[in-house]
Amino acid sequence: MKRMIPLFITFASGFLIIMSFFIPHYPVGELTNIMKEWYMVVAVFAMILGILNLFKVNAHKLIKLKPGWWYALILISALIFMVIAGWIGGMEEGSWFDFLFKFVYTPLNATMFSLLAFFVASASFRAFRARNIDAGLLLIAAILVMLGRVPLGNLISSYLPLIQSWIMEFPNTAGQRAIMIGAALGVIATSLRIIIGIERSYLN
Amino acid sequence: MTVEFIGLWIAGFLTLAIFSFLYRDNVFYKIAEAVYVGISAGYIMVQSWHDVVIPNLLIPLKSGNWLYIIPAALSLFMLAQLIPKIRWISRISIAFVVGTGAGYGFVTYLKSNLFEQVHSAIYPLWSGNIWTSLGGVVLLIGTVTGIFYFFFSLEHKGVLRIGARVGMMFLMITFGASFGYTVMARISLLIGRIYFILHDWLQIVK
């Protein structure tokens with residue numbers, strides 16, 4: 001019973017959503033619109049569950065005074081502070097939430113991602129050894145795209161920006177399209193397996 | 001001392017703390033990392049509460065629409081995952097999310113990623129311009145051979161092997177181009193952060 005009910009819910013909800021694309025009228029269309037709202041709400045609670053789990057793991061680390069406990073304290077304090085600021089103080093401009101977003105979240109987020117520029121550079125140093133034709137193609141395509149997108153590329157040759165946009169528009173689109181079609185076939189097959197109950201790993 | 005001034009100093013310190021990782025892992029980086037994780041989690045929680053839970057659950061419930069008790073119950077069931085004794089209840093909510101997601105995934109991927117992409121790949125090869133037409137031929141060959149590469153139901157022998165090999169070459173160009181594109185995006189972010197330090201914070205660069 002503990003497995004049969006969830007399997008039935010999966011089948012019913014998946015089947016109804018698929019049906020709504022074929023029968024967008026009352027009552028199927030109406031029902032799936034409501035389901036769409038419910039789905040968003042439950043998905044948010046799945047995310048909240050993840051955040052509560054993060055809180056639980058760090059609280060455990062803090063209570064047991066495990067190594068690095070004070071980083072856990074900082075994390076929990078930042079989390080609680082942001083939530084209180086948003087829920088009590090509101091999200092309007094000039095609020096505490098807005099201050100934390102502008103001066104803490106945004107710079108941290110941008111710096112974290114910009115840090116990747118250095119790691120990507122060191123990774124490319126290792127990856128960009130033209131040991132065979134495939135690696136050579138990857139190397140040439142990457143160099144042409146990088147050079148073609150900066151003023152230096154235009155200084156070297158006025159053809160570089162044109163070659164860059166040709167690569168992005170044609171061979172790159174071809175590869176992306178093949179990947180998208182392949183991935184779509186994979187998603188469709190997996191979705192069908194889930195809806196008809198062959199794929200049950202999410203119940204474990 | 002204005003709020004803006006204090007904010008700039010906090011942002012400046014946190015930016016340098018993250019960059020300090022380039023030297024080696026250190027206490028300033030770890031502090032900034034812990035703040036980043038906590039603030040991000042809090043931000044996502046508050047934002048989704050305001051944008052999703054309030055308009056789609058709390059307002060309908062307040063206005064007396066009792067049908068919305070179902071998503072409220074499903075949401076609470078999801079949190080049962082944290083209590084070992086009643087953890088099994090969360091399967092009901094997970095089943096709902098997985099089933100609905102699978103239904104959407106099935107139709108949207110079928111429509112936009114499969115049919116639309118196949119539809120876009122079928123076009124007249126001669127466009128009146130030699131380079132665009134050549135590009136069109138390259139696009140067609142690249143798409144077909146790329147799909148050959150992902151076709152695993154038959155062993156890659158004979159024509160299929162040649163097709164898959166050409167497809168592999170196109171995929172390598174795609175990965176190279178995506179890599180180059182990503183590097184440039186990251187460099188642009190880096191320039192943004194350096195500009196922030198020198199212009200907004202320290203005001204060395206005018």
# chains A, B, ... in the order shown; residues from 1 in each chain; ligands from 1
$ residues_around --residues "range 140-142 of chain B" --least-positions-apart "2" --cutoff "7 Å" --atoms "only C-alpha atoms" --output "PyMOL selection string"
(chain A and resi 171+174-175) or (chain B and resi 121+136-138+144-146+167+170)
$ closest_residue --among "B:Val37, B:Ala102, B:Val52, B:Met184" --to "Ser191 in chain A" --atoms "only C-alpha atoms"
B:Ala102
$ residues_around --residues "range 62-77 of chain B" --least-positions-apart "2" --cutoff "12 Å" --atoms "only C-alpha atoms" --output "number ranges by chain"
A: 6, 9, 31, 34-49; B: 53-60, 79-83, 86-97
$ select_by_dssp --residues "range 93-200 of chain B" --states "helix (DSSP H, G or I)" --output "VMD selection string"
chain B and resid 93 to 120 130 to 149 159 to 200
$ atom_distance --atom1 "CA of Ala110 in chain A" --atom2 "CA of Leu189 in chain B"
6.5 Å
$ residues_around --residues "Gly7 in chain B" --least-positions-apart "3" --cutoff "12 Å" --atoms "only C-alpha atoms" --output "list in words"
Gly94, Trp96, Asp98, Phe99, Leu100, Phe101, Lys102, Phe103, Val104, Tyr105, Thr106 and Pro107 of chain A; Met1, Thr2, Val3, Glu4, Ile10, Ala11, Gly12, Phe13, Leu14, Asp200 and Trp201 of chain B
$ write_last_selection --atoms "N, CA and C atoms" --output "PDB file, in the first residue's frame"
ATOM      1  N   GLY A  94      15.360  49.365   0.149  1.00  0.00           N
ATOM      2  CA  GLY A  94      15.712  50.039   1.399  1.00  0.00           C
ATOM      3  C   GLY A  94      15.541  49.156   2.615  1.00  0.00           C
ATOM      4  N   TRP A  96      16.123  45.590   4.977  1.00  0.00           N
ATOM      5  CA  TRP A  96      17.298  44.787   5.328  1.00  0.00           C
ATOM      6  C   TRP A  96      17.535  43.701   4.286  1.00  0.00           C
ATOM      7  N   ASP A  98      16.774  43.800   1.135  1.00  0.00           N
ATOM      8  CA  ASP A  98      17.326  44.448  -0.054  1.00  0.00           C
ATOM      9  C   ASP A  98      18.816  44.754   0.145  1.00  0.00           C
ATOM     10  N   PHE A  99      19.173  45.213   1.363  1.00  0.00           N
ATOM     11  CA  PHE A  99      20.571  45.511   1.689  1.00  0.00           C
ATOM     12  C   PHE A  99      21.419  44.243   1.554  1.00  0.00           C
ATOM     13  N   LEU A 100      20.925  43.145   2.150  1.00  0.00           N
ATOM     14  CA  LEU A 100      21.679  41.881   2.103  1.00  0.00           C
ATOM     15  C   LEU A 100      21.784  41.364   0.672  1.00  0.00           C
ATOM     16  N   PHE A 101      20.724  41.565  -0.097  1.00  0.00           N
ATOM     17  CA  PHE A 101      20.744  41.112  -1.492  1.00  0.00           C
ATOM     18  C   PHE A 101      21.783  41.902  -2.295  1.00  0.00           C
ATOM     19  N   LYS A 102      21.766  43.234  -2.112  1.00  0.00           N
ATOM     20  CA  LYS A 102      22.643  44.114  -2.906  1.00  0.00           C
ATOM     21  C   LYS A 102      24.114  44.019  -2.505  1.00  0.00           C
ATOM     22  N   PHE A 103      24.366  43.981  -1.195  1.00  0.00           N
ATOM     23  CA  PHE A 103      25.758  44.103  -0.733  1.00  0.00           C
ATOM     24  C   PHE A 103      26.375  42.800  -0.238  1.00  0.00           C
ATOM     25  N   VAL A 104      25.575  41.749  -0.119  1.00  0.00           N
ATOM     26  CA  VAL A 104      26.158  40.472   0.314  1.00  0.00           C
ATOM     27  C   VAL A 104      25.933  39.393  -0.753  1.00  0.00           C
ATOM     28  N   TYR A 105      24.672  39.146  -1.092  1.00  0.00           N
ATOM     29  CA  TYR A 105      24.374  38.060  -2.032  1.00  0.00           C
ATOM     30  C   TYR A 105      24.956  38.329  -3.424  1.00  0.00           C
ATOM     31  N   THR A 106      24.666  39.510  -4.006  1.00  0.00           N
ATOM     32  CA  THR A 106      25.105  39.803  -5.378  1.00  0.00           C
ATOM     33  C   THR A 106      26.630  39.787  -5.524  1.00  0.00           C
ATOM     34  N   PRO A 107      27.388  40.499  -4.655  1.00  0.00           N
ATOM     35  CA  PRO A 107      28.848  40.423  -4.823  1.00  0.00           C
ATOM     36  C   PRO A 107      29.413  39.019  -4.612  1.00  0.00           C
TER      37      PRO A 107
ATOM     38  N   MET B   1      28.343  58.248   8.202  1.00  0.00           N
ATOM     39  CA  MET B   1      28.557  57.002   7.456  1.00  0.00           C
ATOM     40  C   MET B   1      27.207  56.485   6.930  1.00  0.00           C
ATOM     41  N   THR B   2      27.075  56.445   5.614  1.00  0.00           N
ATOM     42  CA  THR B   2      25.788  56.045   5.066  1.00  0.00           C
ATOM     43  C   THR B   2      25.691  54.520   4.969  1.00  0.00           C
ATOM     44  N   VAL B   3      24.460  54.055   4.765  1.00  0.00           N
ATOM     45  CA  VAL B   3      24.219  52.619   4.594  1.00  0.00           C
ATOM     46  C   VAL B   3      24.969  52.116   3.361  1.00  0.00           C
ATOM     47  N   GLU B   4      24.952  52.941   2.310  1.00  0.00           N
ATOM     48  CA  GLU B   4      25.630  52.609   1.052  1.00  0.00           C
ATOM     49  C   GLU B   4      27.126  52.389   1.297  1.00  0.00           C
ATOM     50  N   ILE B  10      31.381  46.077   3.123  1.00  0.00           N
ATOM     51  CA  ILE B  10      31.062  44.649   3.334  1.00  0.00           C
ATOM     52  C   ILE B  10      31.265  43.890   2.020  1.00  0.00           C
ATOM     53  N   ALA B  11      30.712  44.447   0.925  1.00  0.00           N
ATOM     54  CA  ALA B  11      30.829  43.798  -0.393  1.00  0.00           C
ATOM     55  C   ALA B  11      32.295  43.687  -0.799  1.00  0.00           C
ATOM     56  N   GLY B  12      33.090  44.728  -0.540  1.00  0.00           N
ATOM     57  CA  GLY B  12      34.514  44.726  -0.878  1.00  0.00           C
ATOM     58  C   GLY B  12      35.262  43.668  -0.105  1.00  0.00           C
ATOM     59  N   PHE B  13      34.989  43.581   1.206  1.00  0.00           N
ATOM     60  CA  PHE B  13      35.658  42.583   2.034  1.00  0.00           C
ATOM     61  C   PHE B  13      35.304  41.170   1.557  1.00  0.00           C
ATOM     62  N   LEU B  14      34.019  40.935   1.301  1.00  0.00           N
ATOM     63  CA  LEU B  14      33.590  39.600   0.871  1.00  0.00           C
ATOM     64  C   LEU B  14      34.194  39.237  -0.477  1.00  0.00           C
ATOM     65  N   ASP B 200      34.026  51.284  -7.697  1.00  0.00           N
ATOM     66  CA  ASP B 200      32.954  51.527  -6.718  1.00  0.00           C
ATOM     67  C   ASP B 200      33.482  51.604  -5.281  1.00  0.00           C
ATOM     68  N   TRP B 201      34.375  50.662  -4.953  1.00  0.00           N
ATOM     69  CA  TRP B 201      34.806  50.551  -3.557  1.00  0.00           C
ATOM     70  C   TRP B 201      35.980  51.493  -3.253  1.00  0.00           C
TER      71      TRP B 201
END
$ closest_residue --among "A:Ile63, A:Leu79, A:Val57, A:Met19" --to "Val35 in chain B" --atoms "only C-alpha atoms"
A:Leu79
$ residues_around --residues "Met172 in chain B" --least-positions-apart "6" --cutoff "7 Å" --atoms "only C-alpha atoms" --output "CSV table (one decimal) with all heavy atoms, in the first residue's frame"
chain,number,residue,atom,x,y,z
A,134,ASP,N,40.3,15.1,-32.5
A,134,ASP,CA,39.2,15.6,-31.7
A,134,ASP,C,39.6,16.8,-30.7
A,134,ASP,O,39.0,17.8,-30.7
A,134,ASP,CB,38.6,14.5,-30.9
A,134,ASP,CG,38.0,13.4,-31.8
A,134,ASP,OD1,37.6,13.8,-32.9
A,134,ASP,OD2,37.8,12.3,-31.3
A,137,LEU,N,40.4,19.9,-32.7
A,137,LEU,CA,39.2,20.6,-33.1
A,137,LEU,C,38.6,21.4,-31.9
A,137,LEU,O,38.2,22.6,-32.1
A,137,LEU,CB,38.1,19.6,-33.6
A,137,LEU,CG,38.3,19.0,-35.0
A,137,LEU,CD1,37.3,17.9,-35.2
A,137,LEU,CD2,38.1,20.1,-36.0
A,138,LEU,N,38.6,20.8,-30.7
A,138,LEU,CA,38.1,21.5,-29.5
A,138,LEU,C,39.0,22.7,-29.3
A,138,LEU,O,38.4,23.8,-29.0
A,138,LEU,CB,38.2,20.5,-28.3
A,138,LEU,CG,37.6,21.0,-27.0
A,138,LEU,CD1,36.5,20.0,-26.5
A,138,LEU,CD2,38.6,21.2,-26.0
$ residues_around --residues "Ile162 in chain B" --least-positions-apart "6" --cutoff "10 Å" --atoms "only C-alpha atoms" --output "list in words"
Thr145, Phe148, Tyr149, His156 and Met168 of chain B
$ write_last_selection --atoms "N, CA and C atoms" --output "PDB file, in the first residue's frame"
ATOM      1  N   THR B 145      24.775  13.599 -38.350  1.00  0.00           N
ATOM      2  CA  THR B 145      25.874  12.750 -37.855  1.00  0.00           C
ATOM      3  C   THR B 145      25.970  12.796 -36.327  1.00  0.00           C
ATOM      4  N   PHE B 148      23.687  10.314 -35.163  1.00  0.00           N
ATOM      5  CA  PHE B 148      24.316   8.994 -35.382  1.00  0.00           C
ATOM      6  C   PHE B 148      25.178   8.626 -34.179  1.00  0.00           C
ATOM      7  N   TYR B 149      25.917   9.618 -33.682  1.00  0.00           N
ATOM      8  CA  TYR B 149      26.828   9.352 -32.559  1.00  0.00           C
ATOM      9  C   TYR B 149      26.053   8.888 -31.324  1.00  0.00           C
ATOM     10  N   HIS B 156      28.531   0.598 -33.741  1.00  0.00           N
ATOM     11  CA  HIS B 156      29.044   1.595 -34.692  1.00  0.00           C
ATOM     12  C   HIS B 156      30.024   0.932 -35.658  1.00  0.00           C
ATOM     13  N   MET B 168      31.073  12.972 -33.962  1.00  0.00           N
ATOM     14  CA  MET B 168      31.971  13.215 -32.820  1.00  0.00           C
ATOM     15  C   MET B 168      32.785  14.489 -33.056  1.00  0.00           C
TER      16      MET B 168
END
$ residues_around --residues "Glu199 in chain A" --least-positions-apart "6" --cutoff "12 Å" --atoms "only C-alpha atoms" --output "PyMOL selection string"
(chain A and resi 7+10-11+189-193) or (chain B and resi 95+98-99+102)
$ write_last_selection --atoms "C-alpha atoms" --output "PDB file, in the first residue's frame"
ATOM      1  CA  LEU A   7       2.640   4.806  -7.908  1.00  0.00           C
ATOM      2  CA  THR A  10       2.465   9.390 -10.204  1.00  0.00           C
ATOM      3  CA  PHE A  11       0.498   7.702 -12.978  1.00  0.00           C
ATOM      4  CA  ALA A 189      11.697   7.643 -22.517  1.00  0.00           C
ATOM      5  CA  THR A 190      12.451   8.291 -18.823  1.00  0.00           C
ATOM      6  CA  SER A 191       9.181  10.231 -18.327  1.00  0.00           C
ATOM      7  CA  LEU A 192       7.214   7.357 -19.840  1.00  0.00           C
ATOM      8  CA  ARG A 193       9.027   4.837 -17.637  1.00  0.00           C
TER       9      ARG A 193
ATOM     10  CA  ALA B  95       5.064  10.950  -6.283  1.00  0.00           C
ATOM     11  CA  VAL B  98       7.662  13.371  -9.968  1.00  0.00           C
ATOM     12  CA  GLY B  99       4.476  12.413 -11.853  1.00  0.00           C
ATOM     13  CA  ALA B 102       7.345  13.676 -15.857  1.00  0.00           C
TER      14      ALA B 102
END
$ closest_residue --among "B:Lys30, B:Lys206, B:Arg161, B:His199" --to "chain A" --atoms "only C-alpha atoms"
B:Lys30
$ closest_residue --among "A:Leu54, A:Ile188, A:Leu75, A:Ile194" --to "Leu114 in chain B" --atoms "only C-alpha atoms"
A:Ile188
